[in-house]
Amino acid sequence: MRAWRDAVLAVYLASGLALSAWLTRLPAIADGLGLSPAGLGALLLTQTVAAFVSVSLSGVTVARLGPARALRLTSALVAAGLVLIGAGASALGSLPVTTAGFLLFGTGLATWNVAANVEGVACESALGRTVMPVMHAFFSVGTVLGAGIGAGAAALGVPVAWHTGAMAVVVLAVVRTAVRSFRGEDPRVRAEPRTDTGSLDLEAVAAASARTHGVRGAWRTPRNLVVGLFVLGVALAEGAANDWVALALTQGYGTTEAIGALGYGIFVTAMTAGRLAGTPLLDRFGRVTILRAAGTLAAAGLGVFVLSPWLWLGLAGLFVWGLGVSLGFPVGMSAAADDTENAAANVSVVSTIGYGAFLGGPPLLGLLGEAVGVRPALGAVALFVVVSLLLVPALRPANPSAPPRAVGAGSPRDGR
């Protein structure tokens with residue numbers, strides 16, 4: 001169990017490293033290609049289109065290949081995308097090559113994340129306790145590490161091609177090693193369903209994965225769509241920060257590229273802290289109470305970042321913003337898995353909606369940023385955060401009083 005859990009954590013961490021490899025270098029990519037905010041938004045939109053097509057098919061893809069094989073394939077696409085992004089933006093100065101890199105990256109990472117979520121909720125069920133926020137925290141840990149590397153690379157003037165190329169090798173090696181310890185498809189591993197924190201029955205996961213029609217049925221389930229809309233708002237708030245905070249700091253606050261990368265690091269550090277601290281709070285106070293408090297923090301922090309006239313206060317607002325959105329996505333995944341009979345399909349539906357916002361919203365903000373400025377454009381995201389706040393009751397577990405239990409190899413409490 002410990003090896004399985006650590007393998008899933010490693011896959012989430014590698015995903016964060018891959019994403020931050022180019023996010024922290026967006027100002028350099030824009031400069032290298034001579035792109036305005038609208039032009040950069042259009043470039044990001046190419047990744048969005050590829051990612052949305054990929055994530056829309058992810059339920060069937062993961063069901064047929066299984067999470068381990070799907071991750072081997074998608075990590076190779078992500079690594080190739082990183083190499084092309086770096087080469088196109090700096091070494092070659094070629095927009096077509098950079099665009100091809102974003103297409104490959106978006107195609108790979110979208111299904112990568114769905115496969116990781118399916119394996120993650122299976123592992124959570126077998127462990128018998130809430131761990132999805134911790135798993136997503138390791139994605140944030142990866143982005144924090146990646147932001148530090150990116151800030152250092154920017155400060156030292158390391159070409160984008162060298163930076164993204166090195167990160168491509170790292171993430172590919174981590175994923176290829178980690179998936180060897182996956183056990184979600186192992187018929188010897190069994191867990192009883194839980195309804196208090198959203199875990200699923202591994203036997204039900206296998207059954208749902210074998211039925212591709214379960215994905216179509218999941219799209220017709222009203223609760224999945226409502227949970228997906230909740231995730232849409234928090235994913236947009238997270239994705240907007242990931243894509244535009246560095247540029248909002250350099251252009252909106254008139255600071256340097258290194259400070260822009262540092263600001264992104266502050267946001268993902270807050271995300272990491274919120275996910276680690278939020279796990280015991282969720283077990284103690286429940287989803288609804290914690291998510292309402294978190295959503296309020298997200299809206300407040302976002303407002304401060306957009307309106308503050310001082311850089312130090314804007315950075316403080318950025319931290320609060322990250323803290324507030326930290327739990328939304330992982331808890332949404334757990335809520336999607338409450339229905340143990342079709343959990344894998346439900347997770348793919350909610351992931352599709354969430355990643356559609358995560359990937360599609362930020363490029364569209366570039367068009368708004370062209371008209372009013374990048375920092376003011378981020379204020380539009382607050383409206384979606386408010387909608388997510390209104391939908392929080394839909395994530396209430398079916399039976400909040402049911403105690404977490406799991407059976408199988410080893411004790412669910414000792415990590416074996």
# chains A, B, ... in the order shown; residues from 1 in each chain; ligands from 1
$ select_by_dssp --residues "range 134-337 of chain A" --states "helix (DSSP H, G or I)" --output "VMD selection string"
chain A and resid 134 to 156 160 to 181 202 to 210 213 to 219 222 to 252 257 to 285 287 to 307 311 to 325 328 to 336
$ closest_atom_pairs --of "range 31-139 of chain A" --to "range 268-287 of chain A" --cutoff "6 Å" --atoms "only C-alpha atoms" --output "tab-separated table"
residue	atom	partner	partner_atom	distance
A:Pro133	CA	A:Arg275	CA	5.2
A:Val134	CA	A:Leu276	CA	5.6
A:Ala137	CA	A:Thr272	CA	4.8
$ write_last_selection --atoms "N, CA and C atoms" --output "JSON list (two decimals), in the first residue's frame"
[["chain", "number", "residue", "atom", "x", "y", "z"],
["A", 133, "PRO", "N", -6.77, 15.17, -1.28],
["A", 133, "PRO", "CA", -6.14, 16.49, -1.18],
["A", 133, "PRO", "C", -4.62, 16.42, -1.05],
["A", 134, "VAL", "N", -4.12, 15.40, -0.35],
["A", 134, "VAL", "CA", -2.67, 15.24, -0.21],
["A", 134, "VAL", "C", -2.05, 14.91, -1.56],
["A", 137, "ALA", "N", -1.94, 17.89, -3.40],
["A", 137, "ALA", "CA", -0.90, 18.74, -2.80],
["A", 137, "ALA", "C", 0.45, 18.43, -3.43]]
$ closest_residue --among "A:Val386, A:Leu45, A:Val374, A:Leu225" --to "Ala336 in chain A" --atoms "only C-alpha atoms"
A:Leu225
$ atom_distance --atom1 "CA of Val169 in chain A" --atom2 "CA of Gly106 in chain A"
17.5 Å
$ residues_around --residues "Ala173 in chain A" --least-positions-apart "6" --cutoff "10 Å" --atoms "only C-alpha atoms" --output "PyMOL selection string"
chain A and resi 14+75-76+79+167
